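Q: Handing over model.pdb, PDB, C-alpha atoms, pLDDT in the B column.
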```
ATOM      1  CA  MET C   1     101.202 199.912  69.888  1.00 62.00           C
ATOM      2  CA  PRO C   2      98.149 198.625  71.761  1.00 77.00           C
ATOM      3  CA  GLY C   3      98.158 198.517  75.549  1.00 78.00           C
ATOM      4  CA  PRO C   4      98.550 195.323  77.557  1.00 89.00           C
ATOM      5  CA  VAL C   5      96.403 192.284  76.760  1.00 95.00           C
ATOM      6  CA  PHE C   6      93.477 192.096  79.165  1.00 96.00           C
ATOM      7  CA  LEU C   7      91.573 189.159  77.654  1.00 97.00           C
ATOM      8  CA  ARG C   8      92.784 186.546  75.165  1.00 97.00           C
ATOM      9  CA  GLY C   9      90.457 184.882  72.695  1.00 97.00           C
ATOM     10  CA  GLU C  10      90.915 182.309  69.964  1.00 97.00           C
ATOM     11  CA  THR C  11      91.342 184.902  67.216  1.00 98.00           C
ATOM     12  CA  VAL C  12      91.221 188.295  68.934  1.00 98.00           C
ATOM     13  CA  ASP C  13      92.778 189.783  72.030  1.00 98.00           C
ATOM     14  CA  LEU C  14      91.309 192.674  73.987  1.00 97.00           C
ATOM     15  CA  HIS C  15      93.871 195.263  75.016  1.00 96.00           C
ATOM     16  CA  ALA C  16      93.396 197.958  77.645  1.00 90.00           C
ATOM     17  CA  VAL C  17      93.186 201.361  75.972  1.00 87.00           C
ATOM     18  CA  THR C  18      96.233 203.568  76.491  1.00 85.00           C
ATOM     19  CA  GLU C  19      97.318 206.955  75.228  1.00 82.00           C
ATOM     20  CA  ASP C  20      99.199 205.199  72.418  1.00 86.00           C
ATOM     21  CA  ASP C  21      95.838 204.021  71.020  1.00 87.00           C
ATOM     22  CA  LEU C  22      94.402 207.510  70.581  1.00 85.00           C
ATOM     23  CA  GLU C  23      95.524 207.848  66.953  1.00 86.00           C
ATOM     24  CA  PHE C  24      93.877 204.517  66.045  1.00 89.00           C
ATOM     25  CA  LEU C  25      90.663 205.462  67.860  1.00 86.00           C
ATOM     26  CA  ALA C  26      90.491 208.855  66.140  1.00 84.00           C
ATOM     27  CA  ARG C  27      91.173 207.261  62.753  1.00 87.00           C
ATOM     28  CA  GLY C  28      88.393 204.730  63.282  1.00 86.00           C
ATOM     29  CA  ARG C  29      85.864 207.242  64.607  1.00 82.00           C
ATOM     30  CA  ASN C  30      86.514 209.514  61.617  1.00 82.00           C
ATOM     31  CA  ASP C  31      86.284 206.784  58.988  1.00 85.00           C
ATOM     32  CA  PRO C  32      83.099 207.613  57.034  1.00 83.00           C
ATOM     33  CA  ALA C  33      82.131 203.930  56.922  1.00 85.00           C
ATOM     34  CA  ILE C  34      82.212 203.764  60.748  1.00 84.00           C
ATOM     35  CA  ARG C  35      81.186 207.312  61.627  1.00 78.00           C
ATOM     36  CA  HIS C  36      78.008 207.036  59.554  1.00 73.00           C
ATOM     37  CA  TRP C  37      76.684 204.208  61.766  1.00 77.00           C
ATOM     38  CA  MET C  38      77.717 205.973  64.949  1.00 74.00           C
ATOM     39  CA  SER C  39      75.795 209.073  63.860  1.00 65.00           C
ATOM     40  CA  ARG C  40      78.812 211.287  64.524  1.00 59.00           C
ATOM     41  CA  THR C  41      78.866 214.685  62.903  1.00 62.00           C
ATOM     42  CA  GLU C  42      81.903 216.194  64.638  1.00 68.00           C
ATOM     43  CA  PRO C  43      85.446 215.332  63.617  1.00 68.00           C
ATOM     44  CA  GLN C  44      87.362 213.314  66.180  1.00 66.00           C
ATOM     45  CA  SER C  45      91.025 213.927  66.869  1.00 65.00           C
ATOM     46  CA  PRO C  46      93.538 212.336  69.193  1.00 64.00           C
ATOM     47  CA  ALA C  47      92.818 215.340  71.439  1.00 64.00           C
ATOM     48  CA  THR C  48      89.069 214.605  71.623  1.00 63.00           C
ATOM     49  CA  ASP C  49      89.849 210.940  72.145  1.00 58.00           C
ATOM     50  CA  ARG C  50      92.256 212.000  74.911  1.00 64.00           C
ATOM     51  CA  ASP C  51      89.267 213.727  76.562  1.00 69.00           C
ATOM     52  CA  SER C  52      87.253 210.499  76.156  1.00 64.00           C
ATOM     53  CA  LEU C  53      90.105 208.481  77.656  1.00 58.00           C
ATOM     54  CA  GLU C  54      90.379 210.877  80.612  1.00 63.00           C
ATOM     55  CA  ARG C  55      86.604 210.654  81.195  1.00 63.00           C
ATOM     56  CA  PHE C  56      86.885 206.862  81.042  1.00 52.00           C
ATOM     57  CA  LEU C  57      89.745 206.847  83.545  1.00 52.00           C
ATOM     58  CA  SER C  58      87.828 209.183  85.864  1.00 56.00           C
ATOM     59  CA  THR C  59      85.000 206.632  86.261  1.00 56.00           C
ATOM     60  CA  GLY C  60      87.045 204.873  88.909  1.00 54.00           C
ATOM     61  CA  GLY C  61      87.236 201.665  86.911  1.00 60.00           C
ATOM     62  CA  ARG C  62      83.474 201.230  86.491  1.00 71.00           C
ATOM     63  CA  ASP C  63      83.769 201.349  82.701  1.00 88.00           C
ATOM     64  CA  ALA C  64      86.022 199.229  80.489  1.00 91.00           C
ATOM     65  CA  ALA C  65      87.354 200.065  77.023  1.00 90.00           C
ATOM     66  CA  PHE C  66      89.290 197.691  74.791  1.00 94.00           C
ATOM     67  CA  VAL C  67      91.168 197.862  71.527  1.00 95.00           C
ATOM     68  CA  VAL C  68      90.453 194.640  69.652  1.00 97.00           C
ATOM     69  CA  CYS C  69      93.593 193.183  68.070  1.00 97.00           C
ATOM     70  CA  VAL C  70      94.360 190.335  65.699  1.00 97.00           C
ATOM     71  CA  ASP C  71      97.998 189.251  65.733  1.00 95.00           C
ATOM     72  CA  GLY C  72      98.837 192.420  67.657  1.00 94.00           C
ATOM     73  CA  GLU C  73      97.244 194.768  65.103  1.00 95.00           C
ATOM     74  CA  PRO C  74      94.188 196.848  66.063  1.00 97.00           C
ATOM     75  CA  VAL C  75      90.998 196.002  64.151  1.00 97.00           C
ATOM     76  CA  GLY C  76      88.289 197.547  66.338  1.00 96.00           C
ATOM     77  CA  PHE C  77      87.052 198.851  69.635  1.00 94.00           C
ATOM     78  CA  VAL C  78      84.634 197.463  72.252  1.00 95.00           C
ATOM     79  CA  SER C  79      83.481 199.192  75.404  1.00 93.00           C
ATOM     80  CA  LEU C  80      81.414 198.480  78.484  1.00 95.00           C
ATOM     81  CA  PHE C  81      80.251 201.836  79.819  1.00 91.00           C
ATOM     82  CA  ASP C  82      77.651 203.551  81.977  1.00 92.00           C
ATOM     83  CA  VAL C  83      78.175 200.652  84.366  1.00 95.00           C
ATOM     84  CA  ALA C  84      75.900 200.879  87.392  1.00 95.00           C
ATOM     85  CA  PRO C  85      77.334 198.287  89.807  1.00 93.00           C
ATOM     86  CA  ASP C  86      74.543 198.692  92.360  1.00 94.00           C
ATOM     87  CA  ALA C  87      71.894 198.098  89.700  1.00 96.00           C
ATOM     88  CA  GLY C  88      73.980 195.408  87.998  1.00 97.00           C
ATOM     89  CA  ARG C  89      73.805 196.821  84.487  1.00 97.00           C
ATOM     90  CA  GLY C  90      76.033 198.267  81.793  1.00 97.00           C
ATOM     91  CA  GLU C  91      75.931 199.297  78.158  1.00 96.00           C
ATOM     92  CA  LEU C  92      77.949 197.756  75.316  1.00 96.00           C
ATOM     93  CA  ALA C  93      79.206 199.411  72.143  1.00 93.00           C
ATOM     94  CA  ALA C  94      81.623 198.347  69.418  1.00 95.00           C
ATOM     95  CA  TRP C  95      83.022 199.267  66.027  1.00 94.00           C
ATOM     96  CA  PHE C  96      85.430 197.575  63.629  1.00 95.00           C
ATOM     97  CA  LEU C  97      87.506 198.810  60.727  1.00 94.00           C
ATOM     98  CA  PRO C  98      85.669 198.244  57.433  1.00 92.00           C
ATOM     99  CA  ALA C  99      88.415 195.969  56.059  1.00 91.00           C
ATOM    100  CA  GLU C 100      88.058 193.721  59.139  1.00 93.00           C
ATOM    101  CA  GLN C 101      84.267 193.404  59.149  1.00 91.00           C
ATOM    102  CA  GLY C 102      82.709 190.064  58.294  1.00 91.00           C
ATOM    103  CA  GLU C 103      85.616 188.057  59.733  1.00 94.00           C
ATOM    104  CA  GLY C 104      83.904 187.090  62.999  1.00 96.00           C
ATOM    105  CA  TYR C 105      86.054 189.448  65.074  1.00 97.00           C
ATOM    106  CA  GLY C 106      83.034 191.387  66.312  1.00 96.00           C
ATOM    107  CA  THR C 107      81.181 188.295  67.439  1.00 97.00           C
ATOM    108  CA  GLU C 108      84.206 186.992  69.337  1.00 98.00           C
ATOM    109  CA  ALA C 109      85.188 190.327  70.878  1.00 98.00           C
ATOM    110  CA  VAL C 110      81.686 191.302  72.012  1.00 98.00           C
ATOM    111  CA  SER C 111      81.119 187.777  73.342  1.00 98.00           C
ATOM    112  CA  MET C 112      84.314 188.098  75.399  1.00 98.00           C
ATOM    113  CA  VAL C 113      83.111 191.398  76.877  1.00 98.00           C
ATOM    114  CA  VAL C 114      79.714 189.854  77.661  1.00 98.00           C
ATOM    115  CA  ASP C 115      81.487 187.014  79.524  1.00 98.00           C
ATOM    116  CA  TYR C 116      83.669 189.541  81.329  1.00 98.00           C
ATOM    117  CA  ALA C 117      80.686 191.708  82.306  1.00 98.00           C
ATOM    118  CA  PHE C 118      78.635 188.808  83.650  1.00 98.00           C
ATOM    119  CA  ASP C 119      81.357 186.625  85.157  1.00 97.00           C
ATOM    120  CA  GLU C 120      83.992 189.047  86.431  1.00 96.00           C
ATOM    121  CA  ARG C 121      81.990 192.222  86.927  1.00 96.00           C
ATOM    122  CA  ARG C 122      78.949 190.306  88.224  1.00 97.00           C
ATOM    123  CA  LEU C 123      76.508 192.383  86.218  1.00 98.00           C
ATOM    124  CA  HIS C 124      72.961 191.116  85.735  1.00 98.00           C
ATOM    125  CA  ARG C 125      71.941 192.979  82.577  1.00 98.00           C
ATOM    126  CA  LEU C 126      73.650 194.351  79.486  1.00 98.00           C
ATOM    127  CA  TYR C 127      72.060 196.638  76.947  1.00 98.00           C
ATOM    128  CA  GLY C 128      72.882 198.577  73.831  1.00 95.00           C
ATOM    129  CA  GLY C 129      71.402 200.265  70.838  1.00 95.00           C
ATOM    130  CA  ALA C 130      71.795 200.357  67.102  1.00 94.00           C
ATOM    131  CA  ARG C 131      70.439 202.393  64.275  1.00 93.00           C
ATOM    132  CA  ALA C 132      67.414 200.601  62.876  1.00 95.00           C
ATOM    133  CA  ASP C 133      69.050 200.494  59.437  1.00 93.00           C
ATOM    134  CA  ASN C 134      72.357 199.042  60.723  1.00 92.00           C
ATOM    135  CA  ASP C 135      71.693 195.449  59.750  1.00 94.00           C
ATOM    136  CA  ALA C 136      75.216 194.262  60.619  1.00 93.00           C
ATOM    137  CA  SER C 137      75.147 195.585  64.202  1.00 94.00           C
ATOM    138  CA  ARG C 138      71.642 194.326  64.789  1.00 96.00           C
ATOM    139  CA  ALA C 139      72.549 190.880  63.441  1.00 96.00           C
ATOM    140  CA  LEU C 140      75.619 190.738  65.705  1.00 96.00           C
ATOM    141  CA  VAL C 141      73.736 191.404  68.940  1.00 96.00           C
ATOM    142  CA  GLU C 142      70.825 189.184  67.921  1.00 97.00           C
ATOM    143  CA  THR C 143      73.270 186.357  67.118  1.00 96.00           C
ATOM    144  CA  LEU C 144      74.640 186.675  70.663  1.00 97.00           C
ATOM    145  CA  GLY C 145      71.141 186.436  72.154  1.00 98.00           C
ATOM    146  CA  PHE C 146      70.301 190.079  72.811  1.00 98.00           C
ATOM    147  CA  VAL C 147      66.560 190.704  72.630  1.00 98.00           C
ATOM    148  CA  GLU C 148      64.960 193.742  71.018  1.00 98.00           C
ATOM    149  CA  GLU C 149      63.345 195.705  73.845  1.00 98.00           C
ATOM    150  CA  GLY C 150      62.176 198.885  72.208  1.00 97.00           C
ATOM    151  CA  ARG C 151      62.600 201.632  69.689  1.00 97.00           C
ATOM    152  CA  GLN C 152      63.123 205.374  69.775  1.00 96.00           C
ATOM    153  CA  ARG C 153      61.526 206.843  66.691  1.00 96.00           C
ATOM    154  CA  ASP C 154      63.527 209.357  64.644  1.00 95.00           C
ATOM    155  CA  HIS C 155      66.294 209.273  67.257  1.00 92.00           C
ATOM    156  CA  TYR C 156      69.169 210.013  64.861  1.00 87.00           C
ATOM    157  CA  TYR C 157      69.579 212.594  62.118  1.00 87.00           C
ATOM    158  CA  VAL C 158      72.078 211.335  59.569  1.00 81.00           C
ATOM    159  CA  ALA C 159      72.785 212.674  56.095  1.00 81.00           C
ATOM    160  CA  GLY C 160      69.459 214.487  55.952  1.00 86.00           C
ATOM    161  CA  GLU C 161      67.411 211.526  57.157  1.00 89.00           C
ATOM    162  CA  ARG C 162      65.766 210.677  60.480  1.00 93.00           C
ATOM    163  CA  VAL C 163      66.448 207.127  61.652  1.00 93.00           C
ATOM    164  CA  ASP C 164      65.075 205.080  64.556  1.00 95.00           C
ATOM    165  CA  ARG C 165      67.223 203.633  67.340  1.00 95.00           C
ATOM    166  CA  VAL C 166      66.548 200.041  68.383  1.00 97.00           C
ATOM    167  CA  PHE C 167      67.311 198.993  71.971  1.00 97.00           C
ATOM    168  CA  TYR C 168      68.554 195.521  72.899  1.00 98.00           C
ATOM    169  CA  GLY C 169      69.052 193.803  76.231  1.00 98.00           C
ATOM    170  CA  LEU C 170      70.516 190.578  77.568  1.00 98.00           C
ATOM    171  CA  LEU C 171      70.167 189.094  81.055  1.00 98.00           C
ATOM    172  CA  LYS C 172      72.817 186.933  82.675  1.00 98.00           C
ATOM    173  CA  GLU C 173      70.521 183.901  82.919  1.00 98.00           C
ATOM    174  CA  GLU C 174      69.761 184.186  79.192  1.00 98.00           C
ATOM    175  CA  TRP C 175      73.484 184.271  78.404  1.00 98.00           C
ATOM    176  CA  ASP C 176      74.131 181.300  80.697  1.00 98.00           C
ATOM    177  CA  GLU C 177      71.405 179.323  78.912  1.00 97.00           C
ATOM    178  CA  ILE C 178      72.838 180.192  75.481  1.00 95.00           C
ATOM    179  CA  GLN C 179      76.331 179.157  76.613  1.00 94.00           C
ATOM    180  CA  ALA C 180      75.034 175.876  78.070  1.00 94.00           C
ATOM    181  CA  THR C 181      73.549 174.898  74.701  1.00 91.00           C
ATOM    182  CA  ALA C 182      76.511 176.049  72.588  1.00 81.00           C
TER     183      ALA C 182
END
```
Show this structure as structure tokens.
A:
Amino acid sequence: MPGPVFLRGETVDLHAVTEDDLEFLARGRNDPAIRHWMSRTEPQSPATDRDSLERFLSTGGRDAAFVVCVDGEPVGFVSLFDVAPDAGRGELAAWFLPAEQGEGYGTEAVSMVVDYAFDERRLHRLYGGARADNDASRALVETLGFVEEGRQRDHYYVAGERVDRVFYGLLKEEWDEIQATA
């Protein structure tokens, strides 16, 4: 059972991550269709996710992690992490179960976290990265207005292949302009 609703959207709700979500998070992180894009090579268990949850909780509330739910059922995960309040920046990451991809849940959920980061957390800049060959992730952030800012060559080693990492960034004033024209 997901934790309490933190943000409500039209289709998705973002729930605070609790210990009850650890099985879902481990299942998602181990799914080959998700793990491949995250460049994970180690198996994840509820115990390793418990360690992640404890690290998250030890940040003193700087970071934010959400289980994305549709009609109360978990479909993905979105996080705002490495938040540097003094610098006004934070990093975004997300994944969604393969059966739930292509439904618009990612666009809505990430957009909600962008609003939250800029409006409630008063951040100035958000950033994130994606494997250069992850067309779906790159399309998602580009659709939301993130701008490609750079590339780390051969950053990942996945299934015997070296793959670049592409960096994206979004400034609050850019987001405000996009929202004003939407």
Q: Applying 8 Å and all atoms listed in the file, which residues near Leu14 of chain C remain after dropping the ones on its own chain fewer than 5 positions away? List them as a PyMOL selection string.
A: chain C and resi 5-9+66-69+109
Q: Find the spatial neighbours of Tyr168 of chain C, counting only C-alpha atoms, within a cut-off of 6 Å - ignore same-chain residues fewer than 4 positions away - and output them as a list in words.
A: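 Residues meeting the cut-off are Tyr127, Gly128, Gly129, Phe146, Val147, Glu148 and Glu149 of chain C.
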Q: Write out as a ChimeraX atom specification which residues come within 6 Å of His124 of chain C when counting only C-alpha atoms, dropping same-chain ones fewer than 4 positions away.
A: /C:88-89,171-172
Q: Between C:Asp133, C:Arg35, C:Ala84, C:Tyr116, which is the closest to Glu161 of chain C once you count only C-alpha atoms?
A: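 The answer is C:Asp133, which sits nearest to Glu161 of chain C.
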Q: Take the PyMOL selection byres ((chain C and resi 114) around 10), run it mentally on this structure, and tell me the resulting residues as a list in words.
A: Leu80, Leu92, Glu108, Ala109, Val110, Ser111, Met112, Val113, Asp115, Tyr116, Ala117, Phe118, Asp119, Glu120, Arg121, Leu123, Arg125, Leu126, Leu144, Leu170, Lys172 and Trp175 of chain C
Q: Would you mind reading off the distance between atom CA of Ala159 of chain C and atom CA of Ala33 of chain C, one decimal, in Å?
A: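 Answer for the atom CA of Ala159 of chain C to atom CA of Ala33 of chain C separation: 12.8 Å.
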Q: Between atom CA of Pro32 of chain C and atom CA of Asp63 of chain C, what distance in Å does the model show, to one decimal?
A: 26.4 Å
Q: Using only C-alpha atoms, which residue out of C:Thr107, C:Ser79, C:Ser137, C:Thr18 lies closest to Ile34 of chain C?
A: C:Ser137
Q: Hey, can you check how far atom CA of Trp95 of chain C sits from atom CA of Ala132 of chain C?
A: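 Straight-line distance from atom CA of Trp95 of chain C to atom CA of Ala132 of chain C works out to 16.0 Å.
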Q: For the file shown, what are the residues hit by the PyMOL selection byres ((chain C and resi 157) around 12), laid out as a list in words?
A: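 With the shown file as input, the PyMOL selection byres ((chain C and resi 157) around 12) matches His36, Trp37, Met38, Ser39, Arg40, Thr41, Arg131, Arg153, Asp154, His155, Tyr156, Val158, Ala159, Gly160, Glu161, Arg162, Val163, Asp164 and Arg165 of chain C.
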Q: Select, from C:Phe24, C:Ala130, C:Val141, C:Asp82, the residue with the minimum atom-to-atom distance to Leu97 of chain C, counting all atoms listed in the file.
A: C:Phe24
Q: Which one is closest to Gly150 of chain C: C:Ala65, C:Ala99, C:Ala136, C:Val166? Count only C-alpha atoms.
A: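 Looking only at the distances to Gly150 of chain C, the closest residue turns out to be C:Val166.
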